[in-house]
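**Q** Structure below; questions to follow.
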Amino acid sequence: SWRKKVNKIRRWKKIFITLVVALSIIASSLLYSSMNKYEENVNSYILNQNVIFASSGQSAIASYEEFSKFIFEAIIFDEGTTKLMHRVSTTEMGDELAMAKSRRELFEHLKKVYDIATQHNVGQIQFHLPNGESFLRLNKPDKYGDDLFGIRSSIRIANKEKRYVAGFEVGRETSAYRFVYPLEYKGMHVGSVEVSISTKSILDVLNEANPNIYYGCILRKEIVREIASKE
């Protein structure tokens, strides 16, 4: 009868719907499992790359730090340099002629050293007075006299606490890895000297070591603008 046919159709319809739902659940489970596996693989890859980057970056920075120590201990921290900085630090304030003479002497004393250092990616060697004033930039000998305590904590710490400071630091013109050494002459603190390596030099080393990966550096523009705008 037609009622039996209707009931039969209903039973098949229920079976069909149940089968579709079951298949949908199975498919969803498989898709979810697959997505989880994919996400795990992606996270694992990112973590692995971060480990490689951190290790490579630390190795590059450590190598440059050792090089900066060699420059400082073997070449810069000699009696000629420290005696000159002692003369500068004890020169009467306002005696520009005496300061200019000492600046020229220090520049000539270390010019060849700086020329060689730049061939090994040293970006800057800069001398500071105990009060944080820039005395000599070997890359820009005509620019001096600016107070750096307000924008460069490394220089402030090296002179106030008289200890070595190293790390990444934003400056007015460049951001770099900076190695700042206090200077003394016969037990008297006479200023500090900075050896810096540009961010680009570090990235070049990383890109050369891992040519299939592009390395870059992202800085917050607010910090860069704030430092650049300080007097």
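We label chains A, B, ... in the order they appear in the structure tokens, count residues from 1 in each chain, and number ligands from 1 in the order shown.
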May I have the residues within 12 Å of Arg156 (chain A) as number ranges by chain, using only C-alpha atoms and disregarding those fewer than 2 positions away in the same chain?
**A** A: 128-134, 147-154, 158-165, 180-182, 191-194
**Q** Write the residues of the selection above to a file with C-alpha atoms, as an mmCIF file, in the first residue's frame.
**A**
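Done, and the output landed in result_16.cif:
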data_model
loop_
_atom_site.group_PDB
_atom_site.id
_atom_site.type_symbol
_atom_site.label_atom_id
_atom_site.label_comp_id
_atom_site.auth_asym_id
_atom_site.auth_seq_id
_atom_site.Cartn_x
_atom_site.Cartn_y
_atom_site.Cartn_z
ATOM 1 C CA HIS A 128 83.365 60.957 25.288
ATOM 2 C CA LEU A 129 84.309 63.221 28.149
ATOM 3 C CA PRO A 130 83.410 62.203 31.737
ATOM 4 C CA ASN A 131 80.393 64.565 31.612
ATOM 5 C CA GLY A 132 78.933 62.752 28.584
ATOM 6 C CA GLU A 133 80.011 65.278 25.979
ATOM 7 C CA SER A 134 81.141 63.873 22.639
ATOM 8 C CA ASP A 147 75.721 66.090 25.273
ATOM 9 C CA LEU A 148 74.947 62.353 25.008
ATOM 10 C CA PHE A 149 73.892 61.477 28.551
ATOM 11 C CA GLY A 150 70.250 62.283 27.778
ATOM 12 C CA ILE A 151 69.956 59.954 24.786
ATOM 13 C CA ARG A 152 72.624 57.274 25.309
ATOM 14 C CA SER A 153 72.278 55.355 28.562
ATOM 15 C CA SER A 154 75.347 53.245 27.705
ATOM 16 C CA ALA A 158 80.096 53.837 31.476
ATOM 17 C CA ASN A 159 81.019 57.244 32.893
ATOM 18 C CA LYS A 160 78.866 57.393 36.013
ATOM 19 C CA GLU A 161 79.420 53.799 37.109
ATOM 20 C CA LYS A 162 82.799 53.450 35.383
ATOM 21 C CA ARG A 163 82.051 50.033 33.897
ATOM 22 C CA TYR A 164 81.906 48.374 30.486
ATOM 23 C CA VAL A 165 78.504 48.457 28.747
ATOM 24 C CA VAL A 180 81.394 51.256 25.488
ATOM 25 C CA TYR A 181 84.564 51.161 27.582
ATOM 26 C CA PRO A 182 85.443 53.530 30.460
ATOM 27 C CA GLY A 191 86.015 59.488 29.878
ATOM 28 C CA SER A 192 84.907 56.620 27.681
ATOM 29 C CA VAL A 193 85.263 55.234 24.174
ATOM 30 C CA GLU A 194 82.667 53.481 22.052
#
**Q** I need the residues of region 58-153 of chain A that end up classed as strand (DSSP E or B) by DSSP on the backbone, written out as a list in words.
**A** Val122, Gly123, Gln124, Ile125, Gln126, Phe127, His128, Glu133, Ser134, Phe135, Leu136, Arg137 and Asp147 of chain A
**Q** Just N, CA and C atoms for this one: save the residues we selected as a PDB file, in the first residue's frame.
**A**
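Everything below was put into again_25.pdb:
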ATOM      1  N   VAL A 122      83.486  47.881  11.500  1.00  0.00           N
ATOM      2  CA  VAL A 122      83.315  48.810  12.615  1.00  0.00           C
ATOM      3  C   VAL A 122      82.750  50.109  12.044  1.00  0.00           C
ATOM      4  N   GLY A 123      81.605  50.528  12.582  1.00  0.00           N
ATOM      5  CA  GLY A 123      80.954  51.725  12.044  1.00  0.00           C
ATOM      6  C   GLY A 123      81.467  53.009  12.667  1.00  0.00           C
ATOM      7  N   GLN A 124      81.766  52.953  13.966  1.00  0.00           N
ATOM      8  CA  GLN A 124      82.147  54.181  14.649  1.00  0.00           C
ATOM      9  C   GLN A 124      83.041  53.892  15.849  1.00  0.00           C
ATOM     10  N   ILE A 125      84.019  54.769  16.022  1.00  0.00           N
ATOM     11  CA  ILE A 125      84.793  54.812  17.264  1.00  0.00           C
ATOM     12  C   ILE A 125      84.653  56.239  17.769  1.00  0.00           C
ATOM     13  N   GLN A 126      84.098  56.386  18.953  1.00  0.00           N
ATOM     14  CA  GLN A 126      83.804  57.724  19.470  1.00  0.00           C
ATOM     15  C   GLN A 126      84.311  57.863  20.911  1.00  0.00           C
ATOM     16  N   PHE A 127      84.910  59.001  21.192  1.00  0.00           N
ATOM     17  CA  PHE A 127      85.399  59.297  22.540  1.00  0.00           C
ATOM     18  C   PHE A 127      84.460  60.298  23.213  1.00  0.00           C
ATOM     19  N   HIS A 128      84.245  60.074  24.513  1.00  0.00           N
ATOM     20  CA  HIS A 128      83.365  60.957  25.288  1.00  0.00           C
ATOM     21  C   HIS A 128      84.100  61.467  26.519  1.00  0.00           C
ATOM     22  N   GLU A 133      79.872  64.488  27.208  1.00  0.00           N
ATOM     23  CA  GLU A 133      80.011  65.278  25.979  1.00  0.00           C
ATOM     24  C   GLU A 133      80.842  64.512  24.957  1.00  0.00           C
ATOM     25  N   SER A 134      80.377  64.528  23.704  1.00  0.00           N
ATOM     26  CA  SER A 134      81.141  63.873  22.639  1.00  0.00           C
ATOM     27  C   SER A 134      82.405  64.682  22.359  1.00  0.00           C
ATOM     28  N   PHE A 135      83.551  64.018  22.457  1.00  0.00           N
ATOM     29  CA  PHE A 135      84.816  64.717  22.219  1.00  0.00           C
ATOM     30  C   PHE A 135      85.329  64.498  20.801  1.00  0.00           C
ATOM     31  N   LEU A 136      85.281  63.247  20.330  1.00  0.00           N
ATOM     32  CA  LEU A 136      85.781  62.957  18.983  1.00  0.00           C
ATOM     33  C   LEU A 136      85.065  61.753  18.381  1.00  0.00           C
ATOM     34  N   ARG A 137      84.497  61.961  17.210  1.00  0.00           N
ATOM     35  CA  ARG A 137      83.984  60.861  16.395  1.00  0.00           C
ATOM     36  C   ARG A 137      85.001  60.656  15.275  1.00  0.00           C
ATOM     37  N   ASP A 147      75.901  66.834  24.028  1.00  0.00           N
ATOM     38  CA  ASP A 147      75.721  66.090  25.273  1.00  0.00           C
ATOM     39  C   ASP A 147      74.959  64.797  24.978  1.00  0.00           C
TER      40      ASP A 147
END
**Q** Closest to Leu106 (chain A) among A:Glu92, A:Asp78, A:Glu169, A:Glu73, using only C-alpha atoms?
**A** A:Asp78
